[in-house]
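Participant: Take a look at input_27.pdb, PDB, C-alpha atoms:
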ATOM      1  CA  MET Y 772      76.387  18.929  68.940
ATOM      2  CA  ASN Y 773      75.158  21.870  66.913
ATOM      3  CA  VAL Y 774      71.327  21.593  67.050
ATOM      4  CA  VAL Y 775      69.360  24.577  65.724
ATOM      5  CA  GLU Y 776      65.670  25.153  66.482
ATOM      6  CA  LEU Y 777      64.327  26.745  63.318
ATOM      7  CA  SER Y 778      61.502  28.681  64.994
ATOM      8  CA  ALA Y 779      63.918  30.066  67.608
ATOM      9  CA  ILE Y 780      66.432  31.544  65.149
ATOM     10  CA  ALA Y 781      63.827  33.223  62.920
ATOM     11  CA  ARG Y 782      64.417  36.978  62.679
ATOM     12  CA  PHE Y 783      62.231  39.406  60.773
ATOM     13  CA  SER Y 784      62.829  43.044  59.900
ATOM     14  CA  PRO Y 785      60.511  45.662  58.393
ATOM     15  CA  GLU Y 786      63.556  46.851  56.372
ATOM     16  CA  LYS Y 787      64.198  43.775  54.258
ATOM     17  CA  MET Y 788      64.283  39.987  54.073
ATOM     18  CA  GLN Y 789      66.546  38.522  56.767
ATOM     19  CA  LYS Y 790      69.072  35.736  56.136
ATOM     20  CA  VAL Y 791      69.965  33.725  59.236
ATOM     21  CA  SER Y 792      73.003  31.501  58.764
ATOM     22  CA  ILE Y 793      72.924  27.869  59.906
ATOM     23  CA  LEU Y 794      76.129  26.762  58.126
ATOM     24  CA  ASP Y 795      78.560  28.876  56.124
ATOM     25  CA  THR Y 796      81.669  27.362  54.578
ATOM     26  CA  PRO Y 797      83.255  27.666  51.130
ATOM     27  CA  ARG Y 798      81.569  24.320  50.324
ATOM     28  CA  MET Y 799      77.973  25.272  51.216
ATOM     29  CA  PHE Y 800      75.811  27.824  52.881
ATOM     30  CA  PHE Y 801      72.609  26.782  54.609
ATOM     31  CA  ASP Y 802      70.380  29.682  55.668
ATOM     32  CA  LEU Y 803      66.924  30.447  56.985
ATOM     33  CA  TYR Y 804      65.370  33.292  54.970
ATOM     34  CA  CYS Y 805      62.648  35.249  56.818
ATOM     35  CA  LEU Y 806      60.298  37.405  54.733
ATOM     36  CA  GLU Y 807      57.616  39.788  55.893
ATOM     37  CA  PRO Y 808      54.697  40.180  53.456
ATOM     38  CA  GLY Y 809      55.872  42.041  50.367
ATOM     39  CA  GLN Y 810      59.578  41.324  50.883
ATOM     40  CA  ALA Y 811      61.578  39.649  48.136
ATOM     41  CA  GLN Y 812      64.893  38.530  46.788
ATOM     42  CA  LYS Y 813      64.864  39.570  43.171
ATOM     43  CA  PRO Y 814      65.727  37.089  40.425
ATOM     44  CA  HIS Y 815      69.430  36.387  39.979
ATOM     45  CA  ARG Y 816      71.616  33.491  38.896
ATOM     46  CA  HIS Y 817      74.753  31.609  39.952
ATOM     47  CA  ASP Y 818      76.431  29.845  37.079
ATOM     48  CA  GLY Y 819      78.497  27.528  39.269
ATOM     49  CA  SER Y 820      76.246  26.852  42.284
ATOM     50  CA  ASP Y 821      73.112  24.778  42.857
ATOM     51  CA  LYS Y 822      70.394  26.014  45.205
ATOM     52  CA  VAL Y 823      67.537  24.205  46.935
ATOM     53  CA  TYR Y 824      64.776  26.053  48.789
ATOM     54  CA  VAL Y 825      62.351  24.479  51.272
ATOM     55  CA  VAL Y 826      59.307  26.469  52.388
ATOM     56  CA  VAL Y 827      58.852  25.914  56.141
ATOM     57  CA  GLU Y 828      56.281  28.627  56.923
ATOM     58  CA  GLY Y 829      53.751  30.499  54.841
ATOM     59  CA  ARG Y 830      53.568  30.693  51.098
ATOM     60  CA  VAL Y 831      56.286  31.907  48.729
ATOM     61  CA  ARG Y 832      56.034  33.114  45.144
ATOM     62  CA  PHE Y 833      58.917  31.663  43.174
ATOM     63  CA  THR Y 834      60.119  32.884  39.811
ATOM     64  CA  VAL Y 835      62.464  30.401  38.130
ATOM     65  CA  ASP Y 836      63.596  30.961  34.539
ATOM     66  CA  GLY Y 837      60.612  33.234  34.007
ATOM     67  CA  GLU Y 838      57.979  30.836  35.396
ATOM     68  CA  GLU Y 839      56.031  32.057  38.431
ATOM     69  CA  ARG Y 840      54.455  29.754  41.029
ATOM     70  CA  ASP Y 841      53.157  30.053  44.586
ATOM     71  CA  VAL Y 842      54.543  27.310  46.816
ATOM     72  CA  GLU Y 843      53.242  26.322  50.267
ATOM     73  CA  ALA Y 844      55.115  25.062  53.323
ATOM     74  CA  GLY Y 845      56.275  21.451  52.939
ATOM     75  CA  HIS Y 846      57.600  21.855  49.388
ATOM     76  CA  ALA Y 847      61.114  22.159  47.959
ATOM     77  CA  VAL Y 848      62.073  24.140  44.855
ATOM     78  CA  VAL Y 849      65.212  23.058  43.010
ATOM     79  CA  CYS Y 850      67.258  25.724  41.198
ATOM     80  CA  PRO Y 851      70.246  24.143  39.462
ATOM     81  CA  ALA Y 852      73.318  26.176  38.581
ATOM     82  CA  GLY Y 853      72.558  28.612  35.769
ATOM     83  CA  SER Y 854      68.841  29.046  36.470
ATOM     84  CA  ASP Y 855      67.383  32.496  37.149
ATOM     85  CA  HIS Y 856      65.550  32.403  40.474
ATOM     86  CA  GLY Y 857      63.863  34.815  42.832
ATOM     87  CA  VAL Y 858      61.384  34.724  45.732
ATOM     88  CA  THR Y 859      58.642  37.018  47.030
ATOM     89  CA  ASN Y 860      56.325  36.713  50.012
ATOM     90  CA  PRO Y 861      52.905  37.636  48.602
ATOM     91  CA  GLY Y 862      51.409  37.644  52.128
ATOM     92  CA  PRO Y 863      49.276  37.954  54.093
ATOM     93  CA  GLY Y 864      51.441  35.982  56.580
ATOM     94  CA  ARG Y 865      55.157  35.775  57.213
ATOM     95  CA  ALA Y 866      57.251  33.271  55.280
ATOM     96  CA  ARG Y 867      60.315  31.234  56.216
ATOM     97  CA  LEU Y 868      62.514  29.348  53.774
ATOM     98  CA  LEU Y 869      65.459  27.012  54.199
ATOM     99  CA  VAL Y 870      68.068  27.673  51.537
ATOM    100  CA  ALA Y 871      71.016  25.414  50.707
ATOM    101  CA  MET Y 872      73.547  26.582  48.119
ATOM    102  CA  ALA Y 873      76.746  24.814  47.068
ATOM    103  CA  PRO Y 874      79.397  25.851  46.632
ATOM    104  CA  ARG Y 875      79.069  29.262  48.292
ATOM    105  CA  PRO Y 876      79.573  31.865  45.566
ATOM    106  CA  GLY Y 877      82.912  33.650  45.942
TER     107      GLY Y 877
ATOM    108  CA  MET I 839      59.864  24.723  37.674
ATOM    109  CA  ASN I 840      60.967  21.773  39.761
ATOM    110  CA  VAL I 841      58.666  21.850  42.822
ATOM    111  CA  VAL I 842      58.769  18.812  45.125
ATOM    112  CA  GLU I 843      56.082  18.020  47.714
ATOM    113  CA  LEU I 844      57.993  16.458  50.585
ATOM    114  CA  SER I 845      55.108  14.332  51.875
ATOM    115  CA  ALA I 846      54.406  13.003  48.370
ATOM    116  CA  ILE I 847      57.936  11.730  47.669
ATOM    117  CA  ALA I 848      58.367   9.978  51.038
ATOM    118  CA  ARG I 849      59.086   6.274  50.581
ATOM    119  CA  PHE I 850      59.525   3.767  53.408
ATOM    120  CA  SER I 851      60.765   0.182  53.315
ATOM    121  CA  PRO I 852      60.827  -2.507  55.993
ATOM    122  CA  GLU I 853      64.273  -3.471  54.629
ATOM    123  CA  LYS I 854      66.227  -0.316  55.398
ATOM    124  CA  MET I 855      66.235   3.469  55.531
ATOM    125  CA  GLN I 856      65.230   4.984  52.179
ATOM    126  CA  LYS I 857      67.042   7.913  50.524
ATOM    127  CA  VAL I 858      64.908   9.881  48.087
ATOM    128  CA  SER I 859      66.912  12.270  45.923
ATOM    129  CA  ILE I 860      65.749  15.851  45.432
ATOM    130  CA  LEU I 861      68.979  17.176  43.854
ATOM    131  CA  ASP I 862      72.102  15.231  42.938
ATOM    132  CA  THR I 863      75.062  16.948  41.310
ATOM    133  CA  PRO I 864      78.823  16.816  41.977
ATOM    134  CA  ARG I 865      78.350  20.099  43.906
ATOM    135  CA  MET I 866      75.629  18.945  46.332
ATOM    136  CA  PHE I 867      73.151  16.233  47.086
ATOM    137  CA  PHE I 868      69.863  17.071  48.750
ATOM    138  CA  ASP I 869      67.865  14.038  49.896
ATOM    139  CA  LEU I 870      64.853  13.054  51.952
ATOM    140  CA  TYR I 871      65.760  10.195  54.308
ATOM    141  CA  CYS I 872      62.797   8.049  55.435
ATOM    142  CA  LEU I 873      63.276   5.841  58.496
ATOM    143  CA  GLU I 874      60.930   3.280  59.971
ATOM    144  CA  PRO I 875      61.279   2.809  63.733
ATOM    145  CA  GLY I 876      64.590   1.108  64.503
ATOM    146  CA  GLN I 877      66.225   1.976  61.169
ATOM    147  CA  ALA I 878      69.530   3.822  61.159
ATOM    148  CA  GLN I 879      72.478   5.172  59.238
ATOM    149  CA  LYS I 880      75.479   4.206  61.301
ATOM    150  CA  PRO I 881      78.094   6.808  62.221
ATOM    151  CA  HIS I 882      80.550   7.723  59.455
ATOM    152  CA  ARG I 883      82.533  10.742  58.345
ATOM    153  CA  HIS I 884      83.351  12.753  55.242
ATOM    154  CA  ASP I 885      86.564  14.680  55.550
ATOM    155  CA  GLY I 886      85.832  17.030  52.666
ATOM    156  CA  SER I 887      82.045  17.513  52.796
ATOM    157  CA  ASP I 888      79.685  19.394  55.101
ATOM    158  CA  LYS I 889      76.286  17.962  55.955
ATOM    159  CA  VAL I 890      73.132  19.586  57.354
ATOM    160  CA  TYR I 891      70.131  17.546  58.512
ATOM    161  CA  VAL I 892      66.643  18.939  59.137
ATOM    162  CA  VAL I 893      64.082  16.767  60.936
ATOM    163  CA  VAL I 894      60.726  17.208  59.186
ATOM    164  CA  GLU I 895      58.754  14.350  60.785
ATOM    165  CA  GLY I 896      59.121  12.399  63.986
ATOM    166  CA  ARG I 897      62.108  12.279  66.273
ATOM    167  CA  VAL I 898      65.649  11.280  65.357
ATOM    168  CA  ARG I 899      68.497  10.146  67.592
ATOM    169  CA  PHE I 900      71.694  11.798  66.385
ATOM    170  CA  THR I 901      75.201  10.734  67.298
ATOM    171  CA  VAL I 902      77.785  13.375  66.393
ATOM    172  CA  ASP I 903      81.397  12.971  67.493
ATOM    173  CA  GLY I 904      80.256  10.557  70.180
ATOM    174  CA  GLU I 905      77.497  12.784  71.608
ATOM    175  CA  GLU I 906      73.950  11.382  71.444
ATOM    176  CA  ARG I 907      70.814  13.548  71.300
ATOM    177  CA  ASP I 908      67.158  13.078  70.339
ATOM    178  CA  VAL I 909      65.980  15.832  68.002
ATOM    179  CA  GLU I 910      62.366  16.661  67.140
ATOM    180  CA  ALA I 911      60.875  17.941  63.883
ATOM    181  CA  GLY I 912      61.660  21.609  63.241
ATOM    182  CA  HIS I 913      65.343  21.359  64.176
ATOM    183  CA  ALA I 914      68.529  21.282  62.097
ATOM    184  CA  VAL I 915      71.721  19.441  63.030
ATOM    185  CA  VAL I 916      74.977  20.719  61.543
ATOM    186  CA  CYS I 917      77.756  18.206  60.824
ATOM    187  CA  PRO I 918      80.808  19.974  59.411
ATOM    188  CA  ALA I 919      83.385  18.126  57.349
ATOM    189  CA  GLY I 920      85.374  15.735  59.499
ATOM    190  CA  SER I 921      82.716  15.090  62.150
ATOM    191  CA  ASP I 922      81.503  11.573  62.850
ATOM    192  CA  HIS I 923      77.718  11.467  62.473
ATOM    193  CA  GLY I 924      74.951   8.923  62.426
ATOM    194  CA  VAL I 925      71.148   8.797  62.825
ATOM    195  CA  THR I 926      68.637   6.355  64.253
ATOM    196  CA  ASN I 927      64.865   6.455  64.458
ATOM    197  CA  PRO I 928      64.105   5.394  68.052
ATOM    198  CA  GLY I 929      60.370   5.215  67.264
ATOM    199  CA  PRO I 930      57.563   4.744  67.895
ATOM    200  CA  GLY I 931      56.664   6.770  64.753
ATOM    201  CA  ARG I 932      58.231   7.145  61.334
ATOM    202  CA  ALA I 933      60.889   9.798  60.801
ATOM    203  CA  ARG I 934      61.759  11.967  57.811
ATOM    204  CA  LEU I 935      64.927  14.017  57.437
ATOM    205  CA  LEU I 936      66.122  16.478  54.841
ATOM    206  CA  VAL I 937      69.833  16.040  54.199
ATOM    207  CA  ALA I 938      72.085  18.454  52.315
ATOM    208  CA  MET I 939      75.708  17.502  51.698
ATOM    209  CA  ALA I 940      78.307  19.443  49.709
ATOM    210  CA  PRO I 941      80.221  18.545  47.752
ATOM    211  CA  ARG I 942      78.847  15.095  46.989
ATOM    212  CA  PRO I 943      81.502  12.588  48.051
ATOM    213  CA  GLY I 944      83.218  10.971  45.063
TER     214      GLY I 944
END
Starting from the file, give its structure as structure tokens.
Facilitator:
Amino acid sequence: MNVVELSAIARFSPEKMQKVSILDTPRMFFDLYCLEPGQAQKPHRHDGSDKVYVVVEGRVRFTVDGEERDVEAGHAVVCPAGSDHGVTNPGPGRARLLVAMAPRPG
Amino acid sequence: MNVVELSAIARFSPEKMQKVSILDTPRMFFDLYCLEPGQAQKPHRHDGSDKVYVVVEGRVRFTVDGEERDVEAGHAVVCPAGSDHGVTNPGPGRARLLVAMAPRPG
């Protein structure tokens, strides 16, 4: 059985946000994103894929279709196909996010 | 922006396990499963869809391809397409699970 301890696979880098894969198939990817304060994934869009984020540590600043909001651990943010979405860790602590996207963009 | 507080949407029933939808498209469903002690989803399989569970509250007994394991909050369990998988809440507390599946079975 493939059981993954989320705190054990976390990996941070001073260079940039880290993406740790939990599942990766053409049907879906499921990642843990690890952001040091100040790190970001800039807004982008996928016209044919839905994405759901879940904040599991810290606080994350989301920008979705131009709206900005800070979201704490224990919340999900839903970004349907075609929405512009980006994330930033405003600090002061680290942030970890679960990210499911389907299908995986080609 | 569609922000969902996971503790606020939880819904339990003495009748059976509750599935609370966070996203539901043909590409993916993303649900919160809420299980009272003793409630279960019996083992089943999807030959064309991957599933990832994340335990967010309590402890869940997983059965995947005949292997049984109790998994605590903070862990993910990966069930690729074609695997037999089921969940039970062995108690004594409530259990909540995030569940991503892609694509949504027809």
Participant: Residues of chain I within 8 Å of chain Y, counting all atoms listed in the file, what are they? List them as a ChimeraX atom specification.
Facilitator: /I:839-845,860-861,865-866,868,887-888,890,902-903,905,909,912-917,938,940-941
Participant: Atom CA of Val826 of chain Y and atom CA of Gly876 of chain I are how many Å apart?
Facilitator: 28.6 Å
Participant: Calculate how many Å separate atom CA of Gln812 of chain Y from atom CA of Asp869 of chain I, rounding to one decimal.
Facilitator: 24.9 Å
Participant: Which value, in Å to one decimal, gives the distance between atom CA of Ala933 of chain I and atom CA of Leu868 of chain Y?
Facilitator: 20.8 Å
Participant: Put chain Y on top of chain I with a least-squares fit on all C-alpha atoms, paired in order, and send it back as an mmCIF file with C-alpha atoms, in the coordinates of the input.
Facilitator:
data_model
loop_
_atom_site.group_PDB
_atom_site.id
_atom_site.type_symbol
_atom_site.label_atom_id
_atom_site.label_comp_id
_atom_site.auth_asym_id
_atom_site.auth_seq_id
_atom_site.Cartn_x
_atom_site.Cartn_y
_atom_site.Cartn_z
ATOM 1 C CA MET Y 772 59.855 24.723 37.672
ATOM 2 C CA ASN Y 773 60.967 21.778 39.760
ATOM 3 C CA VAL Y 774 58.659 21.856 42.832
ATOM 4 C CA VAL Y 775 58.778 18.812 45.123
ATOM 5 C CA GLU Y 776 56.083 18.030 47.703
ATOM 6 C CA LEU Y 777 57.995 16.456 50.569
ATOM 7 C CA SER Y 778 55.109 14.335 51.878
ATOM 8 C CA ALA Y 779 54.411 13.006 48.366
ATOM 9 C CA ILE Y 780 57.935 11.723 47.669
ATOM 10 C CA ALA Y 781 58.365 9.974 51.034
ATOM 11 C CA ARG Y 782 59.089 6.261 50.588
ATOM 12 C CA PHE Y 783 59.531 3.776 53.405
ATOM 13 C CA SER Y 784 60.772 0.198 53.316
ATOM 14 C CA PRO Y 785 60.821 -2.494 56.009
ATOM 15 C CA GLU Y 786 64.274 -3.473 54.634
ATOM 16 C CA LYS Y 787 66.218 -0.313 55.396
ATOM 17 C CA MET Y 788 66.226 3.478 55.533
ATOM 18 C CA GLN Y 789 65.230 4.984 52.177
ATOM 19 C CA LYS Y 790 67.045 7.910 50.539
ATOM 20 C CA VAL Y 791 64.909 9.881 48.089
ATOM 21 C CA SER Y 792 66.913 12.269 45.926
ATOM 22 C CA ILE Y 793 65.747 15.860 45.435
ATOM 23 C CA LEU Y 794 68.977 17.175 43.852
ATOM 24 C CA ASP Y 795 72.111 15.241 42.944
ATOM 25 C CA THR Y 796 75.073 16.951 41.317
ATOM 26 C CA PRO Y 797 78.821 16.820 41.977
ATOM 27 C CA ARG Y 798 78.352 20.096 43.910
ATOM 28 C CA MET Y 799 75.621 18.939 46.325
ATOM 29 C CA PHE Y 800 73.153 16.238 47.080
ATOM 30 C CA PHE Y 801 69.859 17.070 48.748
ATOM 31 C CA ASP Y 802 67.867 14.033 49.894
ATOM 32 C CA LEU Y 803 64.857 13.059 51.957
ATOM 33 C CA TYR Y 804 65.770 10.193 54.307
ATOM 34 C CA CYS Y 805 62.803 8.052 55.433
ATOM 35 C CA LEU Y 806 63.284 5.835 58.494
ATOM 36 C CA GLU Y 807 60.926 3.290 59.969
ATOM 37 C CA PRO Y 808 61.283 2.814 63.745
ATOM 38 C CA GLY Y 809 64.580 1.098 64.496
ATOM 39 C CA GLN Y 810 66.231 1.988 61.179
ATOM 40 C CA ALA Y 811 69.539 3.834 61.152
ATOM 41 C CA GLN Y 812 72.476 5.156 59.232
ATOM 42 C CA LYS Y 813 75.480 4.211 61.294
ATOM 43 C CA PRO Y 814 78.098 6.805 62.221
ATOM 44 C CA HIS Y 815 80.538 7.705 59.456
ATOM 45 C CA ARG Y 816 82.524 10.736 58.358
ATOM 46 C CA HIS Y 817 83.349 12.747 55.232
ATOM 47 C CA ASP Y 818 86.573 14.669 55.543
ATOM 48 C CA GLY Y 819 85.835 17.029 52.659
ATOM 49 C CA SER Y 820 82.045 17.510 52.802
ATOM 50 C CA ASP Y 821 79.685 19.406 55.101
ATOM 51 C CA LYS Y 822 76.273 17.972 55.956
ATOM 52 C CA VAL Y 823 73.135 19.588 57.360
ATOM 53 C CA TYR Y 824 70.136 17.553 58.517
ATOM 54 C CA VAL Y 825 66.638 18.936 59.131
ATOM 55 C CA VAL Y 826 64.089 16.765 60.938
ATOM 56 C CA VAL Y 827 60.723 17.197 59.182
ATOM 57 C CA GLU Y 828 58.755 14.337 60.773
ATOM 58 C CA GLY Y 829 59.117 12.395 63.988
ATOM 59 C CA ARG Y 830 62.093 12.291 66.270
ATOM 60 C CA VAL Y 831 65.646 11.279 65.361
ATOM 61 C CA ARG Y 832 68.505 10.156 67.583
ATOM 62 C CA PHE Y 833 71.690 11.803 66.382
ATOM 63 C CA THR Y 834 75.195 10.734 67.284
ATOM 64 C CA VAL Y 835 77.784 13.377 66.387
ATOM 65 C CA ASP Y 836 81.403 12.970 67.494
ATOM 66 C CA GLY Y 837 80.255 10.563 70.185
ATOM 67 C CA GLU Y 838 77.495 12.787 71.616
ATOM 68 C CA GLU Y 839 73.957 11.389 71.448
ATOM 69 C CA ARG Y 840 70.812 13.539 71.319
ATOM 70 C CA ASP Y 841 67.169 13.081 70.344
ATOM 71 C CA VAL Y 842 65.990 15.831 68.006
ATOM 72 C CA GLU Y 843 62.368 16.660 67.129
ATOM 73 C CA ALA Y 844 60.863 17.932 63.880
ATOM 74 C CA GLY Y 845 61.656 21.606 63.244
ATOM 75 C CA HIS Y 846 65.344 21.364 64.174
ATOM 76 C CA ALA Y 847 68.534 21.277 62.100
ATOM 77 C CA VAL Y 848 71.727 19.430 63.033
ATOM 78 C CA VAL Y 849 74.973 20.718 61.540
ATOM 79 C CA CYS Y 850 77.760 18.208 60.826
ATOM 80 C CA PRO Y 851 80.806 19.984 59.408
ATOM 81 C CA ALA Y 852 83.381 18.134 57.337
ATOM 82 C CA GLY Y 853 85.379 15.738 59.501
ATOM 83 C CA SER Y 854 82.709 15.097 62.139
ATOM 84 C CA ASP Y 855 81.496 11.561 62.855
ATOM 85 C CA HIS Y 856 77.720 11.473 62.463
ATOM 86 C CA GLY Y 857 74.947 8.917 62.436
ATOM 87 C CA VAL Y 858 71.151 8.805 62.816
ATOM 88 C CA THR Y 859 68.641 6.341 64.263
ATOM 89 C CA ASN Y 860 64.859 6.449 64.468
ATOM 90 C CA PRO Y 861 64.115 5.391 68.055
ATOM 91 C CA GLY Y 862 60.371 5.214 67.268
ATOM 92 C CA PRO Y 863 57.560 4.745 67.888
ATOM 93 C CA GLY Y 864 56.652 6.758 64.743
ATOM 94 C CA ARG Y 865 58.239 7.136 61.339
ATOM 95 C CA ALA Y 866 60.890 9.794 60.792
ATOM 96 C CA ARG Y 867 61.764 11.958 57.797
ATOM 97 C CA LEU Y 868 64.925 14.017 57.438
ATOM 98 C CA LEU Y 869 66.135 16.488 54.842
ATOM 99 C CA VAL Y 870 69.838 16.031 54.204
ATOM 100 C CA ALA Y 871 72.083 18.458 52.320
ATOM 101 C CA MET Y 872 75.707 17.488 51.690
ATOM 102 C CA ALA Y 873 78.302 19.444 49.713
ATOM 103 C CA PRO Y 874 80.222 18.555 47.760
ATOM 104 C CA ARG Y 875 78.846 15.089 46.990
ATOM 105 C CA PRO Y 876 81.501 12.588 48.064
ATOM 106 C CA GLY Y 877 83.185 10.965 45.062
#
Participant: Residues at most 9 Å from Gly929 of chain I, counting all atoms listed in the file, excluding those fewer than 5 positions away in the same chain, as a PyMOL selection string?
Facilitator: chain I and resi 874-876+896-898
Participant: Evaluated on this file, the PyMOL selection byres ((chain Y and resi 813) around 7) picks out some residues - which ones are they, written as a PyMOL selection string?
Facilitator: chain Y and resi 811-812+814-815+857-858
